[in-house]
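Enquirer: Handing over protein.txt, compact mmCIF, C-alpha atoms.
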```
# COMPACT_ATOMS: atom_id res chain seq x y z
CA MET W 1 -17.40 24.36 -12.63
CA ALA W 2 -17.00 21.35 -10.40
CA THR W 3 -15.62 22.00 -6.96
CA PHE W 4 -12.52 20.25 -5.71
CA HIS W 5 -14.59 17.85 -3.62
CA GLN W 6 -16.91 17.04 -6.49
CA SER W 7 -13.97 16.28 -8.73
CA VAL W 8 -12.47 14.00 -6.11
CA GLU W 9 -15.77 12.26 -5.50
CA ALA W 10 -16.30 11.65 -9.20
CA THR W 11 -12.93 9.92 -9.46
CA ILE W 12 -13.45 7.41 -6.65
CA PRO W 13 -14.87 4.59 -8.83
CA ALA W 14 -11.93 4.88 -11.22
CA LEU W 15 -9.45 4.97 -8.35
CA ARG W 16 -10.96 1.76 -7.01
CA ARG W 17 -10.58 0.12 -10.40
CA TYR W 18 -6.95 1.21 -10.73
CA ALA W 19 -6.16 0.14 -7.16
CA ARG W 20 -7.83 -3.24 -7.70
CA ALA W 21 -5.72 -3.90 -10.76
CA LEU W 22 -2.56 -2.70 -9.02
CA THR W 23 -2.99 -4.76 -5.88
CA ARG W 24 -5.16 -7.61 -7.18
CA ASP W 25 -6.86 -7.67 -3.77
CA SER W 26 -10.09 -5.83 -3.15
CA ASP W 27 -9.50 -5.07 0.55
CA ILE W 28 -5.98 -3.79 0.06
CA ALA W 29 -7.22 -1.81 -2.94
CA ASP W 30 -9.94 -0.06 -0.97
CA ASP W 31 -7.51 0.68 1.87
CA LEU W 32 -5.26 2.27 -0.69
CA VAL W 33 -8.10 4.37 -2.07
CA GLN W 34 -9.09 5.44 1.42
CA ASP W 35 -5.52 6.49 2.21
CA THR W 36 -5.39 8.34 -1.09
CA LEU W 37 -8.55 10.26 -0.28
CA VAL W 38 -7.38 11.15 3.21
CA ARG W 39 -4.08 12.35 1.81
CA ALA W 40 -5.78 14.34 -0.93
CA LEU W 41 -8.24 16.03 1.40
CA ARG W 42 -5.52 16.92 3.86
CA SER W 43 -3.37 18.47 1.18
CA GLU W 44 -6.14 20.24 -0.68
CA HIS W 45 -4.37 23.51 0.09
CA LEU W 46 -1.36 22.23 -1.85
CA PHE W 47 -3.44 21.69 -4.94
CA HIS W 48 -3.22 24.67 -7.25
CA GLY W 49 -5.37 23.99 -10.22
CA GLY W 50 -4.57 21.36 -12.80
CA ASP W 51 -6.23 18.01 -13.17
CA VAL W 52 -7.57 16.57 -9.92
CA ARG W 53 -7.80 13.14 -11.47
CA SER W 54 -4.09 12.98 -12.42
CA TRP W 55 -3.19 14.26 -9.01
CA LEU W 56 -5.20 11.50 -7.31
CA TYR W 57 -3.62 8.86 -9.54
CA THR W 58 -0.24 10.26 -8.54
CA ILE W 59 -0.99 9.97 -4.83
CA LEU W 60 -2.34 6.46 -5.21
CA THR W 61 0.62 5.33 -7.30
CA ASN W 62 3.05 6.69 -4.72
CA LEU W 63 1.22 5.18 -1.77
CA ASN W 64 1.23 1.83 -3.52
CA ARG W 65 4.96 2.14 -4.10
CA ASN W 66 5.47 2.74 -0.36
CA ARG W 67 3.33 -0.28 0.37
CA LEU W 68 5.33 -2.50 -1.97
CA ARG W 69 8.58 -1.27 -0.46
CA SER W 70 7.53 -2.20 3.00
CA LEU W 71 6.38 -5.60 1.71
CA ALA W 72 9.69 -6.16 -0.01
CA ARG W 73 11.33 -6.29 3.37
CA ARG W 74 9.35 -9.42 4.08
CA PRO W 75 9.43 -11.26 0.79
CA THR W 76 8.40 -14.53 2.40
CA LEU W 77 4.98 -13.05 3.08
CA SER W 78 4.17 -12.24 -0.52
CA PRO W 79 0.79 -13.58 -1.58
CA ILE W 80 1.95 -16.37 -3.83
CA GLU W 81 -0.89 -18.74 -3.06
CA ASP W 82 -3.15 -17.46 -5.80
CA ASN W 83 -0.48 -17.77 -8.43
CA ASP W 84 0.22 -21.32 -7.42
CA ALA W 85 -3.38 -22.39 -7.48
CA PRO W 86 -4.31 -24.85 -10.19
CA ASP W 87 -5.63 -23.37 -13.41
CA LEU W 88 -9.30 -22.87 -13.71
CA ALA W 89 -11.19 -23.65 -16.82
CA GLY W 90 -13.90 -21.45 -18.26
CA PRO W 91 -14.25 -17.70 -18.48
CA GLU W 92 -12.35 -17.10 -15.21
CA ALA W 93 -9.17 -18.53 -16.72
CA GLY W 94 -8.60 -15.58 -19.06
CA GLY W 95 -8.93 -13.10 -16.21
CA ARG W 96 -6.48 -15.06 -14.12
CA ASP W 97 -3.99 -15.19 -16.97
CA ILE W 98 -3.90 -11.45 -17.39
CA GLU W 99 -3.80 -11.04 -13.63
CA ARG W 100 -0.72 -13.24 -13.38
CA ALA W 101 0.86 -11.61 -16.39
CA LEU W 102 0.44 -8.21 -14.74
CA ALA W 103 1.96 -9.56 -11.56
CA THR W 104 5.17 -10.38 -13.44
CA LEU W 105 5.69 -6.76 -14.53
CA VAL W 106 8.10 -4.31 -12.98
CA GLU W 107 6.05 -1.85 -10.92
CA ASP W 108 6.66 1.23 -13.08
CA GLN W 109 5.70 -0.69 -16.21
CA ARG W 110 2.53 -2.03 -14.60
CA ASN W 111 1.57 1.47 -13.44
CA ALA W 112 2.13 2.91 -16.92
CA LEU W 113 0.21 0.18 -18.72
CA LEU W 114 -2.77 0.28 -16.36
CA LEU W 115 -2.98 4.07 -16.45
CA VAL W 116 -3.09 3.98 -20.24
CA VAL W 117 -5.24 0.96 -21.07
CA LEU W 118 -7.47 0.76 -18.00
CA GLU W 119 -7.72 4.37 -16.89
CA GLY W 120 -7.47 5.96 -20.31
CA LEU W 121 -4.87 8.55 -19.36
CA SER W 122 -2.88 10.18 -22.12
CA TYR W 123 0.87 9.63 -22.35
CA ARG W 124 1.35 13.18 -21.15
CA GLU W 125 -0.81 12.59 -18.08
CA VAL W 126 1.01 9.36 -17.27
CA ALA W 127 4.33 11.19 -17.60
CA GLU W 128 3.03 13.69 -15.07
CA VAL W 129 1.84 10.98 -12.68
CA GLN W 130 5.13 9.10 -12.89
CA GLY W 131 7.27 12.23 -12.94
CA VAL W 132 9.21 11.12 -16.03
CA PRO W 133 9.48 12.23 -19.67
CA ILE W 134 6.93 10.91 -22.18
CA GLY W 135 9.64 8.84 -23.87
CA THR W 136 10.13 6.93 -20.62
CA VAL W 137 6.42 6.27 -20.38
CA MET W 138 6.43 4.90 -23.92
CA SER W 139 9.36 2.59 -23.27
CA ARG W 140 7.69 1.33 -20.09
CA LEU W 141 4.53 0.62 -22.06
CA ALA W 142 6.44 -1.16 -24.79
CA ARG W 143 8.32 -3.32 -22.30
CA ALA W 144 5.15 -4.13 -20.41
CA ARG W 145 3.48 -5.30 -23.62
CA VAL W 146 6.41 -7.46 -24.63
CA GLN W 147 6.57 -9.01 -21.17
CA ILE W 148 2.85 -9.77 -21.06
CA LYS W 149 2.93 -11.26 -24.54
CA ASN W 150 5.90 -13.44 -23.62
CA TYR W 151 4.16 -14.55 -20.46
CA LEU W 152 0.92 -15.38 -22.20
CA ASP W 153 2.61 -17.10 -25.14
CA GLY W 154 5.23 -18.98 -23.19
CA GLY W 155 3.54 -19.50 -19.90
CA ARG W 156 0.35 -20.98 -21.25
CA PRO W 157 1.16 -23.42 -24.03
CA ALA W 158 -2.28 -24.95 -23.73
CA LEU W 159 -3.86 -21.80 -25.06
CA ARG W 160 -1.50 -21.34 -27.95
CA ARG W 161 -3.27 -21.18 -31.23
CA VAL W 162 -2.91 -24.26 -33.38
CA LYS W 163 -2.41 -23.48 -37.01
CA MET Z 1 10.85 -5.72 -35.41
CA ILE Z 2 9.69 -2.81 -37.53
CA ASP Z 3 10.76 -2.62 -41.16
CA ARG Z 4 13.71 -0.23 -41.36
CA ASP Z 5 12.60 1.30 -44.60
CA SER Z 6 9.21 2.05 -43.25
CA PRO Z 7 8.37 5.43 -41.80
CA VAL Z 8 6.28 3.69 -39.16
CA THR Z 9 8.09 3.21 -35.85
CA GLU Z 10 7.27 0.86 -33.03
CA ASP Z 11 6.47 3.88 -30.85
CA GLU Z 12 3.88 4.85 -33.42
CA LEU Z 13 2.30 1.43 -33.23
CA HIS Z 14 1.79 1.89 -29.50
CA ALA Z 15 0.54 5.42 -30.01
CA TYR Z 16 -1.77 4.07 -32.70
CA ILE Z 17 -3.63 1.69 -30.42
CA ASP Z 18 -3.57 4.14 -27.51
CA GLY Z 19 -5.22 6.86 -29.57
CA GLU Z 20 -2.18 9.12 -29.34
CA LEU Z 21 -1.55 9.58 -33.07
CA PRO Z 22 -2.75 12.59 -35.01
CA GLY Z 23 -5.54 11.78 -37.47
CA ASP Z 24 -3.47 11.70 -40.64
CA ARG Z 25 -0.90 9.34 -39.13
CA MET Z 26 -3.68 7.06 -37.97
CA GLU Z 27 -4.62 6.36 -41.56
CA ALA Z 28 -1.02 5.97 -42.68
CA VAL Z 29 -0.31 3.45 -39.92
CA ALA Z 30 -3.55 1.59 -40.61
CA SER Z 31 -2.72 1.11 -44.26
CA TRP Z 32 0.88 0.21 -43.41
CA LEU Z 33 -0.39 -2.47 -41.03
CA ALA Z 34 -2.64 -3.87 -43.75
CA ALA Z 35 0.52 -4.60 -45.75
CA HIS Z 36 2.50 -5.96 -42.78
CA PRO Z 37 0.64 -8.90 -41.27
CA GLU Z 38 3.34 -9.77 -38.74
CA GLN Z 39 3.22 -6.35 -37.14
CA ALA Z 40 -0.53 -6.32 -37.46
CA ALA Z 41 -0.65 -9.52 -35.42
CA LEU Z 42 1.57 -7.92 -32.80
CA VAL Z 43 -0.68 -4.88 -32.60
CA ALA Z 44 -3.69 -7.18 -32.34
CA SER Z 45 -2.06 -8.98 -29.42
CA TRP Z 46 -1.50 -5.67 -27.60
CA ARG Z 47 -5.13 -4.79 -28.19
CA ALA Z 48 -6.18 -8.15 -26.82
CA GLN Z 49 -4.07 -7.52 -23.70
CA ALA Z 50 -5.82 -4.23 -23.15
CA GLU Z 51 -9.19 -5.89 -23.65
CA SER Z 52 -8.35 -8.60 -21.10
CA ILE Z 53 -7.27 -5.99 -18.58
CA ARG Z 54 -10.46 -4.01 -19.05
CA ALA Z 55 -12.56 -7.17 -18.93
CA ARG Z 56 -10.89 -8.24 -15.72
CA TYR Z 57 -11.00 -4.95 -13.81
CA GLY Z 58 -13.38 -2.62 -15.62
CA ALA Z 59 -16.41 -3.69 -13.62
CA THR Z 60 -14.85 -2.44 -10.38
CA ALA Z 61 -15.65 1.12 -11.42
CA GLU Z 62 -19.30 0.17 -11.89
CA GLU Z 63 -19.67 -1.17 -8.38
CA PRO Z 64 -21.34 1.07 -5.83
CA VAL Z 65 -18.70 2.89 -3.81
CA PRO Z 66 -18.45 1.34 -0.32
CA GLU Z 67 -19.65 3.53 2.51
CA ARG Z 68 -16.19 4.05 3.98
CA LEU Z 69 -14.90 5.47 0.71
CA LYS Z 70 -17.63 8.04 0.29
CA LEU Z 71 -16.15 11.47 0.57
CA ASP Z 72 -18.30 12.78 3.40
CA GLN Z 73 -17.42 9.64 5.33
CA VAL Z 74 -13.70 10.10 4.71
CA LEU Z 75 -13.98 13.76 5.71
CA LYS Z 76 -15.83 12.87 8.86
CA GLN Z 77 -13.26 10.26 9.82
CA ASP Z 78 -10.42 12.59 9.12
CA ARG Z 79 -11.97 15.39 11.16
CA ALA Z 80 -12.39 12.94 13.97
CA ASN Z 81 -8.65 12.48 13.93
CA GLY Z 82 -7.63 13.03 17.44
CA ARG Z 83 -10.02 10.13 17.67
CA SER Z 84 -11.43 9.31 21.03
CA TRP Z 85 -9.84 6.42 22.79
CA ALA Z 86 -13.22 4.84 23.46
CA ALA Z 87 -14.11 4.74 19.79
CA MET Z 88 -10.71 3.36 18.89
CA ALA Z 89 -10.78 0.68 21.55
CA ALA Z 90 -14.32 -0.34 20.69
CA ALA Z 91 -13.34 -0.76 17.08
CA ALA Z 92 -10.08 -2.55 17.75
CA ALA Z 93 -9.90 -5.55 15.52
CA VAL Z 94 -8.73 -8.71 17.13
CA VAL Z 95 -6.17 -10.79 15.34
CA ALA Z 96 -4.93 -14.04 16.76
CA PHE Z 97 -1.44 -15.08 15.92
CA ILE Z 98 0.77 -17.98 16.66
CA VAL Z 99 4.05 -17.85 18.53
CA GLY Z 100 7.10 -18.67 16.46
CA GLY Z 101 7.74 -15.58 14.46
CA THR Z 102 6.58 -14.64 11.06
CA ALA Z 103 5.55 -18.15 10.05
CA GLY Z 104 2.61 -17.69 12.34
CA TRP Z 105 1.40 -14.73 10.37
CA MET Z 106 1.02 -16.89 7.32
CA ALA Z 107 -1.43 -19.08 9.14
CA ARG Z 108 -4.02 -16.43 9.65
CA GLY Z 109 -6.23 -18.03 7.07
CA ALA Z 110 -8.47 -16.52 4.48
CA SER Z 111 -7.69 -12.91 5.14
CA ALA Z 112 -3.94 -13.42 4.87
CA ALA Z 113 -3.66 -12.23 1.30
CA ALA Z 114 -0.75 -9.92 1.90
CA PRO Z 115 0.91 -8.57 4.99
CA THR Z 116 -0.39 -5.16 5.92
CA GLY Z 117 1.50 -2.50 7.80
CA PHE Z 118 -0.08 -3.99 10.86
CA ASP Z 119 1.46 -7.42 10.27
CA VAL Z 120 4.88 -6.08 9.55
CA PHE Z 121 5.08 -3.63 12.41
CA ALA Z 122 3.41 -5.86 14.95
CA SER Z 123 5.65 -8.81 14.22
CA GLU Z 124 8.79 -6.65 14.33
CA ALA Z 125 7.62 -5.17 17.61
CA LEU Z 126 6.74 -8.53 19.11
CA ASP Z 127 10.11 -9.93 18.10
CA ALA Z 128 11.79 -7.03 19.84
CA TYR Z 129 9.56 -7.44 22.87
CA LYS Z 130 10.35 -11.15 23.19
CA LEU Z 131 14.04 -10.53 22.71
CA TYR Z 132 14.48 -7.77 25.25
CA VAL Z 133 11.81 -8.42 27.82
CA VAL Z 134 13.76 -11.37 29.20
CA GLU Z 135 16.99 -9.39 29.25
CA VAL Z 136 17.98 -8.69 32.83
CA ARG Z 137 21.29 -6.86 32.62
CA HIS Z 138 21.05 -4.93 29.33
CA PRO Z 139 17.41 -4.50 28.39
CA VAL Z 140 18.02 -0.97 27.10
CA GLU Z 141 20.76 1.16 25.58
CA VAL Z 142 19.82 4.38 27.33
CA PRO Z 143 18.52 4.23 30.89
CA GLY Z 144 15.19 5.81 31.80
CA ASN Z 145 16.74 8.55 33.91
CA GLU Z 146 18.17 10.08 30.72
CA ARG Z 147 14.76 10.73 29.25
CA THR Z 148 15.61 14.12 27.73
CA HIS Z 149 18.71 12.84 26.00
CA MET Z 150 16.86 9.76 24.76
CA THR Z 151 13.98 11.81 23.38
CA GLN Z 152 16.37 14.03 21.41
CA TRP Z 153 18.47 11.13 20.18
CA LEU Z 154 15.60 8.93 19.01
CA SER Z 155 13.67 11.86 17.51
CA LYS Z 156 16.75 12.72 15.51
CA ARG Z 157 17.28 9.18 14.30
CA LEU Z 158 13.64 8.70 13.28
CA GLY Z 159 13.31 12.19 11.88
CA GLU Z 160 10.09 12.64 13.84
CA ASP Z 161 9.22 14.53 16.98
CA LEU Z 162 8.82 11.71 19.46
CA ARG Z 163 7.37 11.82 22.92
CA ILE Z 164 8.30 9.28 25.50
CA PRO Z 165 5.19 8.79 27.61
CA ASP Z 166 5.34 9.09 31.36
CA LEU Z 167 3.43 6.15 32.83
CA GLN Z 168 4.11 6.72 36.52
CA SER Z 169 0.41 7.39 37.03
CA ILE Z 170 -0.36 3.77 36.21
CA GLY Z 171 2.63 2.46 38.13
CA LEU Z 172 5.00 1.87 35.26
CA LYS Z 173 8.56 3.08 35.44
CA LEU Z 174 10.55 3.86 32.31
CA VAL Z 175 13.40 1.34 32.16
CA GLY Z 176 14.87 3.05 29.12
CA GLY Z 177 15.00 2.74 25.37
CA ARG Z 178 16.95 1.65 22.38
CA LEU Z 179 17.22 2.16 18.65
CA LEU Z 180 16.22 -0.78 16.45
CA PRO Z 181 16.10 -1.49 12.73
CA GLY Z 182 12.46 -1.33 11.68
CA PRO Z 183 10.45 -2.07 8.55
CA THR Z 184 10.72 1.52 7.33
CA GLY Z 185 14.07 2.55 8.77
CA ALA Z 186 14.94 3.33 12.35
CA ALA Z 187 12.53 2.33 15.10
CA ALA Z 188 12.42 3.58 18.67
CA PHE Z 189 11.79 1.09 21.44
CA TYR Z 190 10.94 2.02 25.04
CA MET Z 191 10.55 -0.35 27.91
CA TYR Z 192 8.50 0.12 31.08
CA GLU Z 193 8.33 -2.01 34.17
CA SER Z 194 5.77 -2.42 36.93
CA PRO Z 195 6.76 -2.92 40.57
CA SER Z 196 6.02 -6.62 40.11
CA GLY Z 197 8.39 -6.86 37.15
CA GLU Z 198 5.82 -6.98 34.33
CA ARG Z 199 7.30 -5.35 31.28
CA PHE Z 200 5.58 -3.37 28.55
CA THR Z 201 7.22 -1.93 25.48
CA ILE Z 202 6.39 0.74 22.96
CA TYR Z 203 7.78 0.35 19.49
CA CYS Z 204 7.40 3.23 17.11
CA ALA Z 205 8.53 3.92 13.59
CA LYS Z 206 7.49 5.85 10.55
CA ALA Z 207 4.46 4.28 8.88
CA GLY Z 208 3.55 4.08 5.23
CA GLU Z 209 0.04 5.30 5.89
CA PRO Z 210 -1.18 8.47 7.60
CA GLN Z 211 -3.36 6.76 10.16
CA THR Z 212 -5.12 3.49 10.90
CA ALA Z 213 -7.63 2.12 13.30
CA LEU Z 214 -6.50 0.41 16.45
CA ARG Z 215 -5.69 -3.28 16.07
CA TYR Z 216 -5.16 -5.89 18.72
CA ALA Z 217 -3.24 -9.11 18.37
CA SER Z 218 -2.49 -11.80 20.90
CA ASP Z 219 -1.28 -15.29 21.45
CA GLU Z 220 -1.08 -17.32 24.64
CA GLN Z 221 1.76 -15.33 26.14
CA PHE Z 222 1.95 -11.91 24.53
CA ALA Z 223 -0.32 -9.31 23.11
CA ALA Z 224 0.01 -6.07 21.21
CA PHE Z 225 -2.00 -3.02 20.31
CA TYR Z 226 -1.12 -1.30 17.07
CA TRP Z 227 -2.17 1.97 15.48
CA VAL Z 228 -0.85 4.68 13.23
CA ASP Z 229 -1.30 8.32 14.05
CA ASP Z 230 0.16 11.20 12.11
CA LYS Z 231 2.31 8.80 10.08
CA ILE Z 232 3.93 7.16 13.07
CA ALA Z 233 3.14 3.53 13.84
CA TYR Z 234 2.91 2.54 17.49
CA VAL Z 235 2.95 -0.99 18.82
CA VAL Z 236 2.38 -1.48 22.53
CA SER Z 237 3.35 -4.98 23.62
CA GLY Z 238 2.97 -6.77 26.90
CA PRO Z 239 1.75 -9.91 28.59
CA ALA Z 240 -1.44 -11.36 27.10
CA ASP Z 241 -4.00 -9.68 29.31
CA ARG Z 242 -6.18 -7.57 27.07
CA GLN Z 243 -7.76 -5.45 29.77
CA ARG Z 244 -4.42 -4.65 31.36
CA LEU Z 245 -2.75 -3.93 28.04
CA GLU Z 246 -5.68 -1.79 26.98
CA ASN Z 247 -5.28 0.37 30.08
CA VAL Z 248 -1.58 0.78 29.43
CA THR Z 249 -2.21 1.54 25.76
CA LYS Z 250 -4.85 4.10 26.66
CA ALA Z 251 -2.41 5.98 28.88
CA ILE Z 252 0.18 5.94 26.11
CA TYR Z 253 -2.29 6.90 23.42
CA GLU Z 254 -3.44 9.94 25.34
CA GLN Z 255 0.13 11.21 25.60
CA VAL Z 256 1.29 10.60 22.06
CA ASP Z 257 -1.92 11.48 20.21
CA LYS Z 258 -0.93 14.61 18.35
CA GLY Z 259 -4.39 15.10 16.92
CA ALA Z 260 -5.82 15.59 20.39
CA SER Z 261 -3.18 18.05 21.48
CA LYS Z 262 -3.57 20.04 18.29
CA LYS Z 263 -7.24 20.45 19.00
CA LEU Z 264 -6.58 22.22 22.27
```
Would you mind writing the file out in structure tokens?

Expert:
Amino acid sequence: MATFHQSVEATIPALRRYARALTRDSDIADDLVQDTLVRALRSEHLFHGGDVRSWLYTILTNLNRNRLRSLARRPTLSPIEDNDAPDLAGPEAGGRDIERALATLVEDQRNALLLVVLEGLSYREVAEVQGVPIGTVMSRLARARVQIKNYLDGGRPALRRVK
Amino acid sequence: MIDRDSPVTEDELHAYIDGELPGDRMEAVASWLAAHPEQAALVASWRAQAESIRARYGATAEEPVPERLKLDQVLKQDRANGRSWAAMAAAAAVVAFIVGGTAGWMARGASAAAPTGFDVFASEALDAYKLYVVEVRHPVEVPGNERTHMTQWLSKRLGEDLRIPDLQSIGLKLVGGRLLPGPTGAAAFYMYESPSGERFTIYCAKAGEPQTALRYASDEQFAAFYWVDDKIAYVVSGPADRQRLENVTKAIYEQVDKGASKKL
């Protein structure tokens, strides 16, 4: 059986991926992962069995929420430059579209969607991470998907399929 | 959006692409979708979203984990909490900023993706410093000779056990303190004065992160050291003389560093 530390260690690459998608900034993402690891190691004694991975996702999600709250007090400093940059052509453009679409989501919806489609968590695990019933997770997912679709369809007429 | 007469619900369509449906329902939904092209297109668009997200971010998990995020490294750093001043000071990152409030923070260039705790706290603290350091008659709410009362009052308002450092040994007298609104709630603000009238302030408030490295920021007139220890952010501000401010910060750090006292 894997020890606590081994389980944590094995999750680091996935935590970095989740944090990168959440923050859309590699430095901030790695800071977030580092804070998550520090927090997890310090509170190892509070961890009584269960899934280490879900627990780490929970810590990271909460730390990111704190981060966003403190940013919200200074809305003028939000990183809008990237979103305002002119569109790129080529393979990068698709990545930027989804990145911007994700940025338009409400935080809880973005967390739910990324945990499911990027991190492969089950609805039950996401419910645990977010501390809500499964039905709430499903409605967050559904809203996230509608919002992204609307953004991609409406926001990028140039890419709309021509019949 | 889903046909009312159909037994397939929209929730099931999500569960279908997320692999959350039991095997027999999988088949039922698949054949239902074959007969309902509009919903099938919708499901395809959700799948495409998921693909784009994985294509955009999936590779991050394949990258080698940076040294600082390796577990033994994190453990080592955390154990070194109650970090030595020398190591902190040596590692202090220097950030230049421009006078004129928050607008200056935007101009930091390439690294200015988003404000960090450092930006937010340091600019709040500098604003407070600039506002009160010129104040002659009412620089503080509670005078320095009521240290005990002030400690209790500010600790209560911040919900943290605060210590108000005694800097007599480096010739700084406590002028007093005040309560300020901070980025995360209440902030405590103490002011010290040298015999020649130089003023230094300590701004502290609850931080969003458990601890950070020491950071240094300065412009032509003012400078600040910032760090987070045991979830409290400290910003020491003063005139822009790094060596002088570093000495003052060191004296403060040694008194407020809970990690160090715990080790004893």

Enquirer: Near Z:Asp229, counting all atoms listed in the file, which residues have an atom at most 7 Å away, once you skip same-chain residues fewer than 6 positions from it, shown as a ChimeraX atom specification?

Expert: /Z:210-212,257

Enquirer: Using the file's own x, y and z axes, what box holds all listed atoms of stretch 11-27 of chain W with 8 Å on each side, keeping edges along x, y and z, and what are its centre and edge lengths in Å to one decimal, as JSON?

Expert:
```
{"center_x": -8.7, "center_y": 1.1, "center_z": -5.3, "size_x": 28.3, "size_y": 33.6, "size_z": 27.8}
```

Enquirer: Could you build a table of the residues in stretch 103-133 of chain W lying no more than 10 Å from stretch 15-38 of chain Z, giving for each the nearest pair of atoms and their separation in Å rounded to one decimal place, using only C-alpha atoms, ordered by chain and ascending residue number, as a Markdown table?

Expert:
```
| residue | atom | partner | partner_atom | distance |
| --- | --- | --- | --- | --- |
| W:Val116 | CA | Z:Asp18 | CA | 7.3 |
| W:Val117 | CA | Z:Asp18 | CA | 7.4 |
| W:Gly120 | CA | Z:Asp18 | CA | 8.4 |
| W:Leu121 | CA | Z:Asp18 | CA | 9.4 |
| W:Ser122 | CA | Z:Glu20 | CA | 7.3 |
| W:Tyr123 | CA | Z:Glu20 | CA | 7.6 |
| W:Arg124 | CA | Z:Glu20 | CA | 9.8 |
```

Enquirer: Can you measure atom CA of Z:Ile232 to atom CA of Z:Ala207 for me? One decimal in Å is fine.

Expert: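 Computed distance, atom CA of Z:Ile232 to atom CA of Z:Ala207, equals 5.1 Å.
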
Enquirer: Which of these residues is nearest to chain Z, using only C-alpha atoms: W:His45, W:Arg53, W:Arg110, W:Arg96?

Expert: W:Arg96

Enquirer: Name the residues in contact with stretch 29-39 of chain W at a cut-off of 10 Å, using only C-alpha atoms, excluding same-chain residues fewer than 3 positions from it; report them as a PDB file with C-alpha atoms, keeping the file's coordinate frame.

Expert:
```pdb
ATOM      1  CA  VAL W   8     -12.470  14.000  -6.110  1.00  0.00           C
ATOM      2  CA  GLU W   9     -15.770  12.260  -5.500  1.00  0.00           C
ATOM      3  CA  ILE W  12     -13.450   7.410  -6.650  1.00  0.00           C
ATOM      4  CA  PRO W  13     -14.870   4.590  -8.830  1.00  0.00           C
ATOM      5  CA  ALA W  14     -11.930   4.880 -11.220  1.00  0.00           C
ATOM      6  CA  LEU W  15      -9.450   4.970  -8.350  1.00  0.00           C
ATOM      7  CA  ARG W  16     -10.960   1.760  -7.010  1.00  0.00           C
ATOM      8  CA  ARG W  17     -10.580   0.120 -10.400  1.00  0.00           C
ATOM      9  CA  TYR W  18      -6.950   1.210 -10.730  1.00  0.00           C
ATOM     10  CA  ALA W  19      -6.160   0.140  -7.160  1.00  0.00           C
ATOM     11  CA  ARG W  20      -7.830  -3.240  -7.700  1.00  0.00           C
ATOM     12  CA  ALA W  21      -5.720  -3.900 -10.760  1.00  0.00           C
ATOM     13  CA  LEU W  22      -2.560  -2.700  -9.020  1.00  0.00           C
ATOM     14  CA  THR W  23      -2.990  -4.760  -5.880  1.00  0.00           C
ATOM     15  CA  ARG W  24      -5.160  -7.610  -7.180  1.00  0.00           C
ATOM     16  CA  ASP W  25      -6.860  -7.670  -3.770  1.00  0.00           C
ATOM     17  CA  SER W  26     -10.090  -5.830  -3.150  1.00  0.00           C
ATOM     18  CA  ARG W  42      -5.520  16.920   3.860  1.00  0.00           C
ATOM     19  CA  SER W  43      -3.370  18.470   1.180  1.00  0.00           C
ATOM     20  CA  GLU W  44      -6.140  20.240  -0.680  1.00  0.00           C
ATOM     21  CA  LEU W  56      -5.200  11.500  -7.310  1.00  0.00           C
ATOM     22  CA  TYR W  57      -3.620   8.860  -9.540  1.00  0.00           C
ATOM     23  CA  THR W  58      -0.240  10.260  -8.540  1.00  0.00           C
ATOM     24  CA  ILE W  59      -0.990   9.970  -4.830  1.00  0.00           C
ATOM     25  CA  LEU W  60      -2.340   6.460  -5.210  1.00  0.00           C
ATOM     26  CA  THR W  61       0.620   5.330  -7.300  1.00  0.00           C
ATOM     27  CA  ASN W  62       3.050   6.690  -4.720  1.00  0.00           C
ATOM     28  CA  LEU W  63       1.220   5.180  -1.770  1.00  0.00           C
ATOM     29  CA  ASN W  64       1.230   1.830  -3.520  1.00  0.00           C
ATOM     30  CA  ARG W  67       3.330  -0.280   0.370  1.00  0.00           C
TER      31      ARG W  67
ATOM     32  CA  VAL Z  65     -18.700   2.890  -3.810  1.00  0.00           C
ATOM     33  CA  PRO Z  66     -18.450   1.340  -0.320  1.00  0.00           C
ATOM     34  CA  ARG Z  68     -16.190   4.050   3.980  1.00  0.00           C
ATOM     35  CA  LEU Z  69     -14.900   5.470   0.710  1.00  0.00           C
ATOM     36  CA  LYS Z  70     -17.630   8.040   0.290  1.00  0.00           C
ATOM     37  CA  LEU Z  71     -16.150  11.470   0.570  1.00  0.00           C
ATOM     38  CA  VAL Z  74     -13.700  10.100   4.710  1.00  0.00           C
ATOM     39  CA  LEU Z  75     -13.980  13.760   5.710  1.00  0.00           C
ATOM     40  CA  GLN Z  77     -13.260  10.260   9.820  1.00  0.00           C
ATOM     41  CA  ASP Z  78     -10.420  12.590   9.120  1.00  0.00           C
ATOM     42  CA  GLY Z 208       3.550   4.080   5.230  1.00  0.00           C
ATOM     43  CA  GLU Z 209       0.040   5.300   5.890  1.00  0.00           C
ATOM     44  CA  PRO Z 210      -1.180   8.470   7.600  1.00  0.00           C
ATOM     45  CA  GLN Z 211      -3.360   6.760  10.160  1.00  0.00           C
ATOM     46  CA  THR Z 212      -5.120   3.490  10.900  1.00  0.00           C
TER      47      THR Z 212
END
```

Enquirer: Do a neighbour search on Z:Gln255 at 9 Å with all atoms listed in the file, toss out local chain neighbours closer than 5 positions, and write the hits as a list in words.

Expert: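 That gives Arg163, Ile164, Pro165, Asp166, Lys250 and Ser261 of chain Z.
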
Enquirer: What's the separation between atom CA of Z:Leu13 and atom CA of Z:Trp46, in Å to one decimal place?

Expert: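 Taking atom CA of Z:Leu13 and atom CA of Z:Trp46, their separation equals 9.8 Å.
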
Enquirer: Find the residues around stretch 187-196 of chain Z up to 9 Å (all atoms listed in the file counted), leave out those fewer than 3 positions away in its own chain, and share them as a PyMOL selection string.

Expert: chain Z and resi 125+128-129+132-133+139-140+144+154-155+157-158+162+164+167+170-184+199-206
